[in-house]
Number of protein chains: 2
Amino acid sequence: MAETDQLQRIKYKATIQYLGTSYHGWQKQEHDLTVQEVMESSLSRLAGESVKIIGASRTDAGVHAKGQVAHFFFSAKDSVPNLKKAANAILPKDVRIQALAKVSPDFHAQRHARRKRYEYHIYSGEVFPPFLCNRAIHVGHSLDLSLLNRAASLFLGTHNFNGFAASSTTVRNRVRSLFVSNFKKNGAHFVYRIEADGFLHHMIRNIVGTLLEISKGKLNVESVTEILHCRDRSMAGPTAPAEGLYLVRIWY
Amino acid sequence: MAETDQLQRIKYKATIQYLGTSYHGWQKQEHDLTVQEVMESSLSRLAGESVKIIGASRTDAGVHAKGQVAHFFFSAKDSVPNLKKAANAILPKDVRIQALAKVSPDFHAQRHARRKRYEYHIYSGEVFPPFLCNRAIHVGHSLDLSLLNRAASLFLGTHNFNGFAASSTTVRNRVRSLFVSNFKKNGAHFVYRIEADGFLHHMIRNIVGTLLEISKGKLNVESVTEILHCRDRSMAGPTAPAEGLYLVRIWY
C-alpha cells in the first residue's frame with residue numbers, strides 16, 4: 001500500500017488575505033494570473049498532487065481581500081499550523097493564509113456563506129498619498145459625510161438590486177438583503193462599509209459609483225430609491241474602480 | 001530681453017511624501033533611481049531649465065517619507081498651487097509634493113532643520129499581512145510593549161551616539177539630543193516614534209535593531225546605557241531593515 005493511500009483526505013477552510021494589485025481577481029483564468037491559481041499551485045506543490053480550491057467570492061481584478069474564505073481537500077500528514085506555515089512559505093508575499101482550520105466535508109465556502117462584509121476606500125484630499133496608490137481611489141471633490149450616509153442608508157433592507165448589477169450578470173435572483181451600509185471618515189480618508197447576505201457582480205462598485213455621483217450633485221439622494229424601484233442599471237452611476245474595494249469578512 | 005529673464009527666481013520649500021520601495025533613497029546616484037532625481041527631472045521639465053533640489057534628509061534605499069522637506073529655486077510664472085499641481089501631474093504616483101510654499105532665499109532644508117521625527121513599523125503577528133509588505137518589518141517573536149518602552153526611554157536626552165552610527169559615518173560631531181523615543185501598538189502592529197535634533201547615518205535602524213535584540217532577550221535593557229557610554233558600535237544590535245522606516249516630519 002502506497003503511503004499516500006494511508007493519508008486521510010481532509011477538508012480545510014482557509015481565510016486568505018491578498019493585495020489584489022498584481023492579480024486578475026480570484027477566479028482562475030486561461031491567460032492571466034489569479035489568486036486561485038497561485039493558491040492551487042502552492043497547495044499542489046505541497047501535496048504532490050493536484051489540489052483544487054473553491055473561494056467564497058470571485059473578487060474582480062485589482063480588488064483586495066482581508067478575509068476571503070476558500071475550501072480545499074488535502075491529504076495531510078502535517079498538522080494545521082504546519083500546513084499553514086508551509087503554504088505561506090511558498091506563496092507570494094501578497095497572498096497569505098491568515099487562518100486555516102479543518103472543517104466537515106460538507107462545508108462549502110461559496111454556498112454556505114451567510115453574510116459578507118466589504119469596504120470601499122476613498123481619499124478626497126487634494127494630494128493623493130503615495131501610500132494609498134492602488135489601495136483606495138482619489139476623488140477631486142470634497143465629500144459630505146452626512147449626505148453620503150443619508151444616501152447609503154437607503155440601500156438598507158431587502159431589495160431587487162438589478163439596477164446595480166453588471167449587465168453581464170446571469171444569476172436569476174437579484175434580491176439581496178443589506179444589513180450595513182455606511183461611511184466613516186478619518187480626515188480625508190472615507191471608508192464605506194457594506195454587509196449583505198450576498199452581492200451581485202459589480203453591485204458594490206455600482207453602488208459606490210452612484211454614491212459618488214450623489215456626492216458631486218449629479219444625482220440626488222432620492223435617486224437611490226428610484227433606481228431600486230425601477231431596477232434600471234442605466235439610471236445608476238458608473239462602476240467605481242476596483243482598487244478601492246476590499247473583501248473584509250465572511251460569516252457562515 | 002528673453003521672457004525667462006523677466007521671471008523672478010523664487011525659492012520654494014516642498015514637503016514631499018514617497019513610498020521608498022522603488023527608489024535607492026533620496027540622494028542622487030550615478031546608476032540607481034532616487035527620489036531626488038525624479039524630483040529634479042520633473043521640476044526641470046516644468047521649468048525648461050535644470051532645477052536642483054536639496055533635501056533635508058538622505059533617506060536610505062527603501063525608506064519611506066510622509067514629510068521629507070526640500071528646497072529649490074524655480075523661475076515661476078505659475079502660482080504656488082499651479083506649480084504643485086503641475087509637478088504632481090508629471091511625478092510618478094509614488095512621489096507627491098504634499099505642500100509647497102515660497103520661502104526666503106536664505107532657507108536651507110537641510111541646515112535649518114531643528115528637529116526630525118521618524119517612525120519605525122514592526123509587525124509581530126504570526127502571519128505578515130500582505131498590505132504591510134515593504135512597509136513594515138515582520139518579527140517572528142512576540143513583543144513586550146513595556147519592556148520596549150523601558151529600553152527606548154534610555155535613549156532620551158543628549159548623548160554621543162557613536163555606538164549607533166554606521167561605521168562609514170564621516171560627520172565628526174556624534175552628539176545628538178533625543179526628545180521622543182517610544183513605542184505604541186495597535187494589535188500586533190508596533191510603531192516606534194523617535195524625534196531628535198538630528199540623526200547619524202543608520203542611527204535609527206541601529207537603535208531599532210538593538211531594541212529588537214532586547215525584545216528577544218539577546219541584550220538586556222541596561223545595555224542601552226552601556227553602549228551609549230562605551231560608544232562602541234560592535235556592542236549594539238544589527239541594522240534593522242530599511243522598509244520599516246518613515247521620515248515623518250521636520251521642524252524649522
# chains A, B, ... in the order shown; residues from 1 in each chain; ligands from 1

$ select_by_dssp --residues "region 133-200 of chain A" --states "alpha helix (DSSP H)" --output "PyMOL selection string"
chain A and resi 145-153

$ residues_around --residues "region 136-143 of chain B" --least-positions-apart "5" --cutoff "10 Å" --atoms "only C-alpha atoms" --output "PyMOL selection string"
chain B and resi 120-129+131+148+185+188-191+212+214-216+240-246

$ closest_atom_pairs --of "chain A" --to "chain B" --cutoff "10 Å" --atoms "only C-alpha atoms" --output "JSON lines"
{"residue": "A:Ile16", "atom": "CA", "partner": "B:Pro129", "partner_atom": "CA", "distance": 9.8}
{"residue": "A:Gln17", "atom": "CA", "partner": "B:Pro130", "partner_atom": "CA", "distance": 6.8}
{"residue": "A:Tyr18", "atom": "CA", "partner": "B:Pro130", "partner_atom": "CA", "distance": 5.8}
{"residue": "A:Leu19", "atom": "CA", "partner": "B:Pro130", "partner_atom": "CA", "distance": 5.9}
{"residue": "A:Gly20", "atom": "CA", "partner": "B:Pro130", "partner_atom": "CA", "distance": 9.6}
{"residue": "A:His64", "atom": "CA", "partner": "B:Phe131", "partner_atom": "CA", "distance": 9.3}
{"residue": "A:Ala65", "atom": "CA", "partner": "B:Pro130", "partner_atom": "CA", "distance": 9.5}
{"residue": "A:Lys66", "atom": "CA", "partner": "B:Pro129", "partner_atom": "CA", "distance": 8.5}
{"residue": "A:Lys84", "atom": "CA", "partner": "B:Val127", "partner_atom": "CA", "distance": 9.4}
{"residue": "A:Lys85", "atom": "CA", "partner": "B:Val127", "partner_atom": "CA", "distance": 8.6}
{"residue": "A:Asn88", "atom": "CA", "partner": "B:Val127", "partner_atom": "CA", "distance": 8.2}
{"residue": "A:Pro92", "atom": "CA", "partner": "B:Pro130", "partner_atom": "CA", "distance": 9.2}
{"residue": "A:Lys93", "atom": "CA", "partner": "B:Pro130", "partner_atom": "CA", "distance": 6.1}
{"residue": "A:Asp94", "atom": "CA", "partner": "B:Pro130", "partner_atom": "CA", "distance": 4.5}
{"residue": "A:Val95", "atom": "CA", "partner": "B:Pro130", "partner_atom": "CA", "distance": 6.1}
{"residue": "A:Arg96", "atom": "CA", "partner": "B:Pro130", "partner_atom": "CA", "distance": 6.7}
{"residue": "A:Ile97", "atom": "CA", "partner": "B:Val127", "partner_atom": "CA", "distance": 7.7}
{"residue": "A:Gln98", "atom": "CA", "partner": "B:Val127", "partner_atom": "CA", "distance": 6.1}
{"residue": "A:Ala99", "atom": "CA", "partner": "B:Val127", "partner_atom": "CA", "distance": 8.7}
{"residue": "A:Glu126", "atom": "CA", "partner": "B:Gln98", "partner_atom": "CA", "distance": 8.6}
{"residue": "A:Val127", "atom": "CA", "partner": "B:Gln98", "partner_atom": "CA", "distance": 6.1}
{"residue": "A:Phe128", "atom": "CA", "partner": "B:Arg96", "partner_atom": "CA", "distance": 7.6}
{"residue": "A:Pro129", "atom": "CA", "partner": "B:Arg96", "partner_atom": "CA", "distance": 6.9}
{"residue": "A:Pro130", "atom": "CA", "partner": "B:Asp94", "partner_atom": "CA", "distance": 4.5}
{"residue": "A:Phe131", "atom": "CA", "partner": "B:Leu19", "partner_atom": "CA", "distance": 6.3}
{"residue": "A:Leu132", "atom": "CA", "partner": "B:Asp94", "partner_atom": "CA", "distance": 9.1}
{"residue": "A:Cys133", "atom": "CA", "partner": "B:Lys93", "partner_atom": "CA", "distance": 7.1}
{"residue": "A:Asn134", "atom": "CA", "partner": "B:Lys93", "partner_atom": "CA", "distance": 10.0}
{"residue": "A:Arg135", "atom": "CA", "partner": "B:Phe131", "partner_atom": "CA", "distance": 9.0}

$ closest_residue --among "B:Val69, B:Asp60, B:Leu156, B:Val224" --to "Gln29 (chain B)" --atoms "only C-alpha atoms"
B:Asp60

$ residues_around --residues "region 54-59 of chain A" --least-positions-apart "5" --cutoff "9 Å" --atoms "only C-alpha atoms" --output "list in words"
Gly20, His24, Gly25, Trp26, Gln27, Gln36, His64, Ala65, Gln68, Val69, Ala70, His71, Phe72, His108, Ala109, Gln110, Arg111, His112, Ala113, His201, Tyr246, Leu247 and Ile250 of chain A

$ residues_around --residues "Ser167 (chain A)" --least-positions-apart "3" --cutoff "12 Å" --atoms "only C-alpha atoms" --output "PyMOL selection string"
chain A and resi 161-164+170-171+174+200-203+206+231-234+239

$ write_last_selection --atoms "N, CA and C atoms" --output "mmCIF file, in the first residue's frame"
data_model
loop_
_atom_site.group_PDB
_atom_site.id
_atom_site.type_symbol
_atom_site.label_atom_id
_atom_site.label_comp_id
_atom_site.auth_asym_id
_atom_site.auth_seq_id
_atom_site.Cartn_x
_atom_site.Cartn_y
_atom_site.Cartn_z
ATOM 1 N N PHE A 161 -31.738 44.248 -6.583
ATOM 2 C CA PHE A 161 -30.598 45.128 -6.887
ATOM 3 C C PHE A 161 -30.230 45.103 -8.368
ATOM 4 N N ASN A 162 -31.178 44.766 -9.216
ATOM 5 C CA ASN A 162 -30.895 44.698 -10.646
ATOM 6 C C ASN A 162 -30.317 46.012 -11.180
ATOM 7 N N GLY A 163 -30.776 47.134 -10.659
ATOM 8 C CA GLY A 163 -30.282 48.439 -11.110
ATOM 9 C C GLY A 163 -28.816 48.659 -10.784
ATOM 10 N N PHE A 164 -28.258 47.808 -9.901
ATOM 11 C CA PHE A 164 -26.857 47.950 -9.502
ATOM 12 C C PHE A 164 -26.022 46.733 -9.889
ATOM 13 N N THR A 170 -25.642 36.929 -14.770
ATOM 14 C CA THR A 170 -26.519 35.872 -15.280
ATOM 15 C C THR A 170 -27.412 35.298 -14.185
ATOM 16 N N VAL A 171 -27.057 35.508 -12.919
ATOM 17 C CA VAL A 171 -27.827 34.927 -11.837
ATOM 18 C C VAL A 171 -29.263 35.468 -11.887
ATOM 19 N N ARG A 174 -32.162 38.443 -8.135
ATOM 20 C CA ARG A 174 -31.404 39.696 -7.930
ATOM 21 C C ARG A 174 -31.762 40.360 -6.599
ATOM 22 N N LEU A 200 -24.412 40.902 -6.058
ATOM 23 C CA LEU A 200 -24.382 40.634 -7.489
ATOM 24 C C LEU A 200 -23.064 41.156 -8.060
ATOM 25 N N HIS A 201 -22.726 40.697 -9.265
ATOM 26 C CA HIS A 201 -21.483 41.135 -9.883
ATOM 27 C C HIS A 201 -21.483 42.660 -10.076
ATOM 28 N N HIS A 202 -20.417 43.289 -9.591
ATOM 29 C CA HIS A 202 -20.225 44.760 -9.671
ATOM 30 C C HIS A 202 -21.192 45.551 -8.787
ATOM 31 N N MET A 203 -21.976 44.856 -7.968
ATOM 32 C CA MET A 203 -23.002 45.564 -7.194
ATOM 33 C C MET A 203 -22.407 46.634 -6.281
ATOM 34 N N ASN A 206 -20.957 49.510 -8.275
ATOM 35 C CA ASN A 206 -22.014 50.345 -8.861
ATOM 36 C C ASN A 206 -22.727 51.188 -7.796
ATOM 37 N N ARG A 231 -35.220 49.398 -11.012
ATOM 38 C CA ARG A 231 -34.295 48.283 -11.331
ATOM 39 C C ARG A 231 -33.557 48.515 -12.648
ATOM 40 N N ASP A 232 -33.242 49.793 -12.915
ATOM 41 C CA ASP A 232 -32.689 50.161 -14.214
ATOM 42 C C ASP A 232 -31.229 50.575 -14.061
ATOM 43 N N ARG A 233 -30.317 49.732 -14.546
ATOM 44 C CA ARG A 233 -28.884 49.992 -14.437
ATOM 45 C C ARG A 233 -28.480 51.333 -15.039
ATOM 46 N N SER A 234 -29.168 51.742 -16.100
ATOM 47 C CA SER A 234 -28.761 52.966 -16.802
ATOM 48 C C SER A 234 -29.001 54.223 -15.966
ATOM 49 N N THR A 239 -19.499 52.337 -12.700
ATOM 50 C CA THR A 239 -18.841 51.361 -11.830
ATOM 51 C C THR A 239 -17.577 51.986 -11.237
#

$ atom_distance --atom1 "CA of Val35 (chain B)" --atom2 "CA of Gly48 (chain B)"
19.6 Å

$ residues_around --residues "Asn82 (chain A)" --least-positions-apart "3" --cutoff "12 Å" --atoms "only C-alpha atoms" --output "number ranges by chain"
A: 46, 76-79, 85-89, 97, 99-101

$ write_last_selection --atoms "N, CA, C and O atoms" --output "PDB file, in the first residue's frame"
ATOM      1  N   LEU A  46       2.807  21.389  -2.429  1.00  0.00           N
ATOM      2  CA  LEU A  46       2.961  20.783  -1.103  1.00  0.00           C
ATOM      3  C   LEU A  46       2.377  19.374  -1.055  1.00  0.00           C
ATOM      4  O   LEU A  46       2.921  18.490  -0.400  1.00  0.00           O
ATOM      5  N   ALA A  76      -3.354  15.159   4.223  1.00  0.00           N
ATOM      6  CA  ALA A  76      -2.412  15.805   5.134  1.00  0.00           C
ATOM      7  C   ALA A  76      -1.693  14.848   6.052  1.00  0.00           C
ATOM      8  O   ALA A  76      -2.317  14.084   6.776  1.00  0.00           O
ATOM      9  N   LYS A  77      -0.365  14.922   5.992  1.00  0.00           N
ATOM     10  CA  LYS A  77       0.437  14.329   7.054  1.00  0.00           C
ATOM     11  C   LYS A  77       0.631  15.384   8.139  1.00  0.00           C
ATOM     12  O   LYS A  77       0.797  15.086   9.296  1.00  0.00           O
ATOM     13  N   ASP A  78       0.647  16.648   7.662  1.00  0.00           N
ATOM     14  CA  ASP A  78       1.011  17.751   8.553  1.00  0.00           C
ATOM     15  C   ASP A  78      -0.156  18.197   9.427  1.00  0.00           C
ATOM     16  O   ASP A  78      -1.312  18.032   9.097  1.00  0.00           O
ATOM     17  N   SER A  79       0.192  18.799  10.568  1.00  0.00           N
ATOM     18  CA  SER A  79      -0.792  19.458  11.408  1.00  0.00           C
ATOM     19  C   SER A  79      -1.235  20.740  10.708  1.00  0.00           C
ATOM     20  O   SER A  79      -0.590  21.213   9.772  1.00  0.00           O
ATOM     21  N   LYS A  85       1.921  27.185   7.680  1.00  0.00           N
ATOM     22  CA  LYS A  85       3.273  27.726   7.615  1.00  0.00           C
ATOM     23  C   LYS A  85       3.953  27.334   6.298  1.00  0.00           C
ATOM     24  O   LYS A  85       4.583  28.166   5.644  1.00  0.00           O
ATOM     25  N   ALA A  86       3.798  26.076   5.914  1.00  0.00           N
ATOM     26  CA  ALA A  86       4.431  25.590   4.685  1.00  0.00           C
ATOM     27  C   ALA A  86       3.846  26.292   3.463  1.00  0.00           C
ATOM     28  O   ALA A  86       4.577  26.672   2.539  1.00  0.00           O
ATOM     29  N   ALA A  87       2.522  26.493   3.468  1.00  0.00           N
ATOM     30  CA  ALA A  87       1.882  27.168   2.329  1.00  0.00           C
ATOM     31  C   ALA A  87       2.332  28.622   2.257  1.00  0.00           C
ATOM     32  O   ALA A  87       2.694  29.123   1.188  1.00  0.00           O
ATOM     33  N   ASN A  88       2.327  29.306   3.411  1.00  0.00           N
ATOM     34  CA  ASN A  88       2.749  30.713   3.403  1.00  0.00           C
ATOM     35  C   ASN A  88       4.214  30.871   2.995  1.00  0.00           C
ATOM     36  O   ASN A  88       4.595  31.893   2.440  1.00  0.00           O
ATOM     37  N   ALA A  89       5.007  29.849   3.261  1.00  0.00           N
ATOM     38  CA  ALA A  89       6.431  29.932   2.909  1.00  0.00           C
ATOM     39  C   ALA A  89       6.644  29.904   1.398  1.00  0.00           C
ATOM     40  O   ALA A  89       7.635  30.439   0.904  1.00  0.00           O
ATOM     41  N   ILE A  97      -2.255  32.931   3.769  1.00  0.00           N
ATOM     42  CA  ILE A  97      -3.283  32.216   4.517  1.00  0.00           C
ATOM     43  C   ILE A  97      -3.215  32.742   5.938  1.00  0.00           C
ATOM     44  O   ILE A  97      -2.239  32.525   6.654  1.00  0.00           O
ATOM     45  N   ALA A  99      -5.633  32.247   8.322  1.00  0.00           N
ATOM     46  CA  ALA A  99      -6.118  31.222   9.256  1.00  0.00           C
ATOM     47  C   ALA A  99      -6.475  29.970   8.474  1.00  0.00           C
ATOM     48  O   ALA A  99      -6.872  30.039   7.313  1.00  0.00           O
ATOM     49  N   LEU A 100      -6.310  28.830   9.137  1.00  0.00           N
ATOM     50  CA  LEU A 100      -6.599  27.550   8.491  1.00  0.00           C
ATOM     51  C   LEU A 100      -7.250  26.648   9.532  1.00  0.00           C
ATOM     52  O   LEU A 100      -6.816  26.611  10.684  1.00  0.00           O
ATOM     53  N   ALA A 101      -8.309  25.953   9.122  1.00  0.00           N
ATOM     54  CA  ALA A 101      -8.988  25.061  10.065  1.00  0.00           C
ATOM     55  C   ALA A 101      -9.530  23.855   9.321  1.00  0.00           C
ATOM     56  O   ALA A 101      -9.906  23.940   8.154  1.00  0.00           O
TER      57      ALA A 101
END

$ select_by_dssp --residues "region 8-251 of chain B" --states "strand (DSSP E or B)" --output "PyMOL selection string"
chain B and resi 9-18+53-55+64-75+95-103+115-123+137-138+157-160+175-186+189-196+245-251

$ closest_residue --among "A:Ser42, A:Ser223, A:Gln8, A:Ser104" --to "Arg150 (chain A)" --atoms "only C-alpha atoms"
A:Ser223

$ closest_residue --among "A:Ala61, A:Leu145, A:Ala236, A:Ile204" --to "Asn220 (chain A)" --atoms "only C-alpha atoms"
A:Ala236
